[in-house]
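This is work-v7.cif. It holds mmCIF, C-alpha atoms and all ligand atoms.
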data_data
#
loop_
_atom_site.label_atom_id
_atom_site.label_comp_id
_atom_site.auth_asym_id
_atom_site.auth_seq_id
_atom_site.Cartn_x
_atom_site.Cartn_y
_atom_site.Cartn_z
CA MET N 1 51.04 52.85 -1.45
CA SER N 2 48.31 54.13 0.89
CA ARG N 3 46.79 51.77 3.36
CA ARG N 4 43.44 52.03 1.59
CA ARG N 5 44.90 51.29 -1.86
CA ARG N 6 46.70 48.29 -0.43
CA GLY N 7 43.46 47.07 1.14
CA GLU N 8 41.64 47.31 -2.19
CA ARG N 9 44.44 45.47 -3.97
CA LEU N 10 44.40 42.62 -1.46
CA ALA N 11 40.62 42.36 -1.82
CA ARG N 12 40.98 42.10 -5.63
CA ILE N 13 43.63 39.40 -5.30
CA ALA N 14 41.44 37.50 -2.86
CA ILE N 15 38.52 37.62 -5.31
CA LEU N 16 40.75 36.48 -8.19
CA LEU N 17 42.05 33.57 -6.14
CA TRP N 18 38.50 32.53 -5.34
CA LEU N 19 37.25 32.52 -8.94
CA PRO N 20 38.72 29.14 -9.94
CA VAL N 21 37.46 27.56 -6.74
CA ALA N 22 33.94 28.94 -7.28
CA GLY N 23 34.06 27.85 -10.93
CA GLY N 24 35.14 24.36 -9.90
CA LEU N 25 32.34 24.07 -7.39
CA LEU N 26 29.82 25.28 -9.98
CA TRP N 27 31.11 22.71 -12.48
CA LEU N 28 30.81 19.92 -9.90
CA GLY N 29 27.22 20.96 -9.27
CA LEU N 30 26.18 21.34 -12.91
CA ARG N 31 27.89 18.46 -14.66
CA PRO N 32 25.70 15.49 -15.58
CA PRO N 33 25.61 12.52 -13.15
CA GLN N 34 28.71 10.39 -13.45
CA GLY N 35 27.17 6.92 -13.54
CA GLY N 36 28.79 3.80 -14.86
CA ALA N 37 32.45 4.27 -14.11
CA THR N 38 33.99 1.84 -11.67
CA GLY N 39 33.77 2.95 -8.08
CA VAL N 40 31.38 5.82 -8.64
CA VAL N 41 28.55 6.03 -6.17
CA ALA N 42 25.37 7.37 -7.74
CA LYS N 43 21.78 7.64 -6.78
CA VAL N 44 19.75 5.60 -9.27
CA ARG N 45 16.61 7.39 -10.35
CA GLY N 46 13.53 5.30 -10.88
CA ASP N 47 15.24 2.46 -9.08
CA ASP N 48 14.73 1.28 -5.51
CA GLY N 49 16.53 4.33 -4.14
CA ARG N 50 19.68 2.57 -3.00
CA GLN N 51 23.05 3.93 -4.03
CA VAL N 52 24.87 1.90 -6.62
CA ILE N 53 28.45 0.88 -6.03
CA THR N 54 30.05 -0.32 -9.24
CA VAL N 55 32.70 -2.95 -8.69
CA ASN N 56 34.64 -5.33 -10.88
CA ALA N 57 33.85 -9.05 -10.88
CA ALA N 58 36.71 -10.07 -8.59
CA ASP N 59 35.75 -7.46 -5.98
CA ALA N 60 32.09 -8.50 -6.22
CA GLY N 61 33.28 -12.02 -5.42
CA ILE N 62 35.19 -10.78 -2.38
CA ILE N 63 32.14 -8.87 -1.07
CA SER N 64 29.90 -11.85 -1.71
CA ARG N 65 32.27 -14.14 0.22
CA VAL N 66 32.36 -11.73 3.18
CA MET N 67 28.57 -11.55 3.18
CA ARG N 68 28.16 -15.32 3.25
CA ASP N 69 30.66 -15.42 6.10
CA ASN N 70 28.49 -12.82 7.87
CA LEU N 71 25.51 -15.12 7.59
CA ALA N 72 27.56 -18.07 8.87
CA GLY N 73 28.84 -15.93 11.77
CA LEU N 74 25.29 -15.04 12.72
CA ARG N 75 24.30 -18.69 12.72
CA ALA N 76 27.31 -19.79 14.78
CA ILE N 77 26.35 -17.32 17.54
CA GLU N 78 22.68 -18.26 17.47
CA GLN N 79 23.47 -21.95 17.59
CA ALA N 80 25.78 -21.50 20.59
CA LEU N 81 23.06 -19.38 22.25
CA ALA N 82 20.49 -22.13 21.64
CA GLU N 83 22.83 -24.57 23.36
CA GLY N 84 23.25 -22.15 26.25
CA ASP N 85 27.02 -22.23 25.73
CA MET N 86 28.17 -18.66 26.42
CA ALA N 87 31.86 -19.54 25.99
CA ALA N 88 31.06 -20.75 22.48
CA VAL N 89 29.00 -17.58 21.85
CA SER N 90 32.02 -15.50 22.81
CA ARG N 91 34.40 -17.54 20.65
CA ALA N 92 32.07 -17.35 17.63
CA ALA N 93 31.72 -13.56 17.97
CA GLU N 94 35.48 -13.16 18.36
CA THR N 95 36.26 -15.24 15.28
CA TRP N 96 33.71 -13.32 13.25
CA ALA N 97 34.91 -9.92 14.47
CA ALA N 98 38.45 -10.83 13.42
CA THR N 99 37.38 -11.69 9.86
CA PRO N 100 38.66 -8.90 7.57
CA GLY N 101 36.03 -6.88 5.71
CA PRO N 102 36.07 -6.36 1.91
CA ALA N 103 38.17 -3.17 2.01
CA ARG N 104 40.92 -5.06 3.82
CA GLN N 105 41.07 -7.65 1.04
CA SER N 106 41.29 -5.51 -2.08
CA VAL N 107 43.11 -2.28 -2.88
CA THR N 108 40.41 -1.23 -5.33
CA LEU N 109 37.67 -1.78 -2.76
CA GLU N 110 39.70 0.10 -0.21
CA GLN N 111 39.67 3.06 -2.61
CA GLN N 112 36.09 2.69 -3.82
CA LEU N 113 33.96 1.82 -0.82
CA PRO N 114 32.41 5.00 0.56
CA ARG N 115 33.30 6.25 4.00
CA GLN N 116 29.78 5.47 5.23
CA TRP N 117 30.15 1.83 4.16
CA ARG N 118 33.41 1.60 6.07
CA SER N 119 31.86 3.11 9.16
CA MET N 120 28.89 0.70 9.08
CA GLY N 121 31.30 -2.21 8.73
CA PHE N 122 33.36 -0.85 11.58
CA SER N 123 30.30 -0.54 13.81
CA LEU N 124 29.33 -4.16 13.05
CA HIS N 125 32.80 -5.35 14.08
CA GLU N 126 32.68 -3.17 17.20
CA THR N 127 29.31 -4.68 18.20
CA LEU N 128 30.71 -8.19 17.73
CA ARG N 129 33.73 -7.43 19.91
CA GLN N 130 31.42 -6.07 22.60
CA LEU N 131 29.26 -9.18 22.32
CA ALA N 132 32.34 -11.40 22.67
CA ASP N 133 33.45 -9.49 25.78
CA ASP N 134 30.04 -9.53 27.45
CA ALA N 135 29.43 -13.21 26.71
CA ARG N 136 32.63 -13.99 28.63
CA ARG N 137 31.32 -12.39 31.85
CA PRO N 138 30.19 -15.00 34.37
CA ASP N 139 27.03 -13.01 35.21
CA VAL N 140 26.04 -12.31 31.60
CA GLN N 141 22.31 -12.22 30.83
CA ALA N 142 20.97 -13.77 27.63
CA GLU N 143 19.13 -10.46 27.03
CA THR N 144 22.44 -8.59 26.84
CA VAL N 145 23.75 -10.93 24.15
CA ALA N 146 20.42 -10.78 22.31
CA ALA N 147 20.56 -6.97 22.35
CA HIS N 148 24.07 -6.99 20.77
CA LEU N 149 22.84 -9.48 18.21
CA ALA N 150 19.94 -7.17 17.34
CA ASP N 151 22.45 -4.31 16.92
CA ALA N 152 24.58 -6.50 14.63
CA VAL N 153 21.58 -7.37 12.45
CA GLY N 154 20.68 -3.68 12.50
CA ALA N 155 24.05 -2.97 10.85
CA CYS N 156 23.32 -5.57 8.12
CA ILE N 157 19.94 -3.96 7.48
CA ALA N 158 21.24 -0.39 7.47
CA CYS N 159 23.88 -1.16 4.85
CA HIS N 160 21.59 -3.30 2.70
CA GLU N 161 19.05 -0.47 2.70
CA THR N 162 21.72 1.98 1.53
CA TYR N 163 23.75 0.23 -1.18
CA ARG N 164 23.50 -2.23 -3.99
CA LEU N 165 26.25 -3.54 -6.21
CA VAL N 166 26.57 -3.41 -9.97
CA VAL N 167 29.32 -5.47 -11.57
CA ALA N 168 31.26 -3.89 -14.44
CA PRO N 169 34.49 -4.81 -16.23
CA GLY N 170 37.64 -3.57 -14.59
CA GLU N 171 40.92 -4.53 -13.04
CA SER N 172 41.11 -5.33 -9.37
CA GLY N 173 44.01 -5.19 -7.04
CA PRO N 174 43.77 -8.06 -4.59
CA ARG N 175 46.03 -7.50 -1.62
CA PRO N 176 49.02 -9.72 -1.17
CA PRO N 177 48.49 -11.94 1.88
C1 LIG N 201 28.71 -2.13 5.04
C2 LIG N 201 27.70 -2.73 4.23
C3 LIG N 201 27.15 -4.08 4.56
C4 LIG N 201 27.03 -4.68 5.79
C5 LIG N 201 27.39 -4.14 7.16
C6 LIG N 201 26.46 -5.97 5.55
N1 LIG N 201 26.23 -6.14 4.22
FE1 LIG N 201 25.53 -7.83 3.33
N2 LIG N 201 25.61 -6.95 1.51
C7 LIG N 201 25.97 -5.65 1.29
C8 LIG N 201 25.74 -5.32 -0.11
C9 LIG N 201 25.99 -3.97 -0.76
C10 LIG N 201 25.24 -6.47 -0.72
C11 LIG N 201 24.81 -6.62 -2.17
C12 LIG N 201 23.37 -6.15 -2.24
C13 LIG N 201 22.86 -5.96 -3.66
O1 LIG N 201 23.64 -5.78 -4.59
O2 LIG N 201 21.60 -5.98 -3.81
C14 LIG N 201 25.19 -7.50 0.32
C15 LIG N 201 24.78 -8.80 0.11
C16 LIG N 201 24.64 -9.74 1.11
C17 LIG N 201 24.28 -11.13 0.89
C18 LIG N 201 24.12 -11.80 -0.46
C19 LIG N 201 25.51 -12.36 -0.83
C20 LIG N 201 25.58 -13.00 -2.20
O3 LIG N 201 26.45 -13.88 -2.36
O4 LIG N 201 24.84 -12.61 -3.09
C21 LIG N 201 24.19 -11.72 2.12
C22 LIG N 201 23.85 -13.17 2.44
C23 LIG N 201 24.49 -10.70 3.12
N3 LIG N 201 24.78 -9.51 2.46
C24 LIG N 201 24.49 -10.92 4.46
C25 LIG N 201 24.84 -9.95 5.41
C26 LIG N 201 24.71 -10.12 6.84
C27 LIG N 201 24.14 -11.35 7.53
C28 LIG N 201 25.18 -8.98 7.41
C29 LIG N 201 25.29 -8.61 8.87
C30 LIG N 201 25.69 -9.54 9.82
C31 LIG N 201 25.60 -8.11 6.33
N4 LIG N 201 25.37 -8.72 5.14
C32 LIG N 201 26.16 -6.87 6.54
C33 LIG N 201 26.49 -4.77 2.20
C34 LIG N 201 26.61 -5.01 3.57
#
Turn the structure described in the file into structure tokens.
Amino acid sequence: MSRRRRGERLARIAILLWLPVAGGLLWLGLRPPQGGATGVVAKVRGDDGRQVITVNAADAGIISRVMRDNLAGLRAIEQALAEGDMAAVSRAAETWAATPGPARQSVTLEQQLPRQWRSMGFSLHETLRQLADDARRPDVQAETVAAHLADAVGACIACHETYRLVVAPGESGPRPP
């Protein structure tokens, strides 16, 4: 076979191999929105613009528990700050940072929660660890701790602005302890 013929044949094979991929991409783009099914993230039209995460009742309970713990963690730090007790600030931040997030408590949530959710949760925990470290320094300024606290609340706000939950029937897979 001549070099040119072989070149043309390879080009044809390459095009043929690409067709299913292109078709698949087209189908992904054209199919109707996949709302409703558990774990699907969809933009809700005519709603408040947040993405919906559909979870089962047990997983909603896990998320709700974590969120109330978040609020309690925030208060523990602020109370220790009000008492001027930096060691207690550090301990409170450490305890909170070590509290496992929702994806660590349920297999289904681990699969369903979007990457961006996980990264916002991770950044919250990172901020808390930093806060705990800084509060332990003998020369720490209250402003430094306050700045970390503002970052932590920023993470709460960012995620709350992005997602809302809808509860739908479905099995959950709580993790064994
Ligand atoms: C990675 C995402 C994320 C982060 C970070 C986050 N939240 Fe949430 N939180 C949510 C979602 C989603 C809801 C449910 C909102 C809805 O459905 O309207 C929620 C709900 C809550 C609720 C209501 C709980 C209930 O029982 O109904 C509280 C309280 C709360 N969050 C506190 C916090 C605080 C305080 C922080 C930060 C210290 C925080 N959250 C950080 C995602 C997050």
(request) Record the distance separating CA of Ile157 in chain N and CA of Glu171 in chain N, expressed in Å with one decimal. (result) 29.4 Å
(message) Between CA of His148 in chain N and CA of Ala135 in chain N, what distance in Å does the model show, to one decimal?
(response)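 Distance between the two atoms: 10.1 Å.
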(request) Could you give me, as a PyMOL selection string, every polymer residue with an atom at most 8 Å away from an atom of ligand LIG 201 (chain N), counting all atoms listed in the file? (result) chain N and resi 53+61+63-74+116-121+124+152-160+162-166
(request) Kindly give the distance, in Å, that separates CA of Leu113 in chain N and CA of Ala76 in chain N, rounded to a single decimal. (result)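 Between these atoms lies a distance of 27.5 Å.
Remark: for Val52 in chain N, the closest of the candidate residues N:Thr99, N:Gln130, N:Thr144, N:Gln112 is N:Gln112 (distances computed over all atoms listed in the file).
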(message) Restricting the calculation to all atoms listed in the file: of N:Ala80, N:Ile62, N:Ala147, N:Ala132, which residue gets closest to Trp96 in chain N?
(response)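 That would be N:Ala132, the residue with the smallest distance to Trp96 in chain N.
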(message) Let me make sure I understand: among N:Leu128, N:Ala146, N:Glu161, N:Pro169, which one has the smallest atom-to-atom distance to Ala82 in chain N if we use all atoms listed in the file?
(response)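 Smallest separation from Ala82 in chain N among the options: N:Ala146.
Nearest residue to Val55 in chain N, choosing from N:Ala88, N:Leu109, N:Val140, N:Ala97 and counting all atoms listed in the file: N:Leu109.
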(request) For each of N:Ala58, N:Ala168, N:Leu131, N:Leu81, take the minimum atom-to-atom distance to Val107 in chain N, counting only C-alpha atoms, then give the residue where this is smallest. (result)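 Using only C-alpha atoms, Val107 in chain N sits closest to N:Ala58.
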Could you give me the axis-aligned bounding box of range 121-131 of chain N, with 6 Å of padding per side, as centre plus edge lengths in Å to one decimal, as lines of an AutoDock Vina configuration file?
center_x = 31.5
center_y = -4.9
center_z = 15.7
size_x = 16.5
size_y = 20.6
size_z = 25.9
(message) as number ranges by chain, please: the residues near Gly84 in chain N (cut-off 9 Å, only C-alpha atoms, same-chain neighbours under 5 positions excluded).
(response) N: 79, 89, 142
(request) Find, counting all atoms listed in the file, the residue in N:Leu149, N:Gln105, N:Ser123, N:Asp134 that gets nearest to Glu78 in chain N. (result)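 When distances to Glu78 in chain N are compared using all atoms listed in the file, the smallest one comes from N:Leu149.
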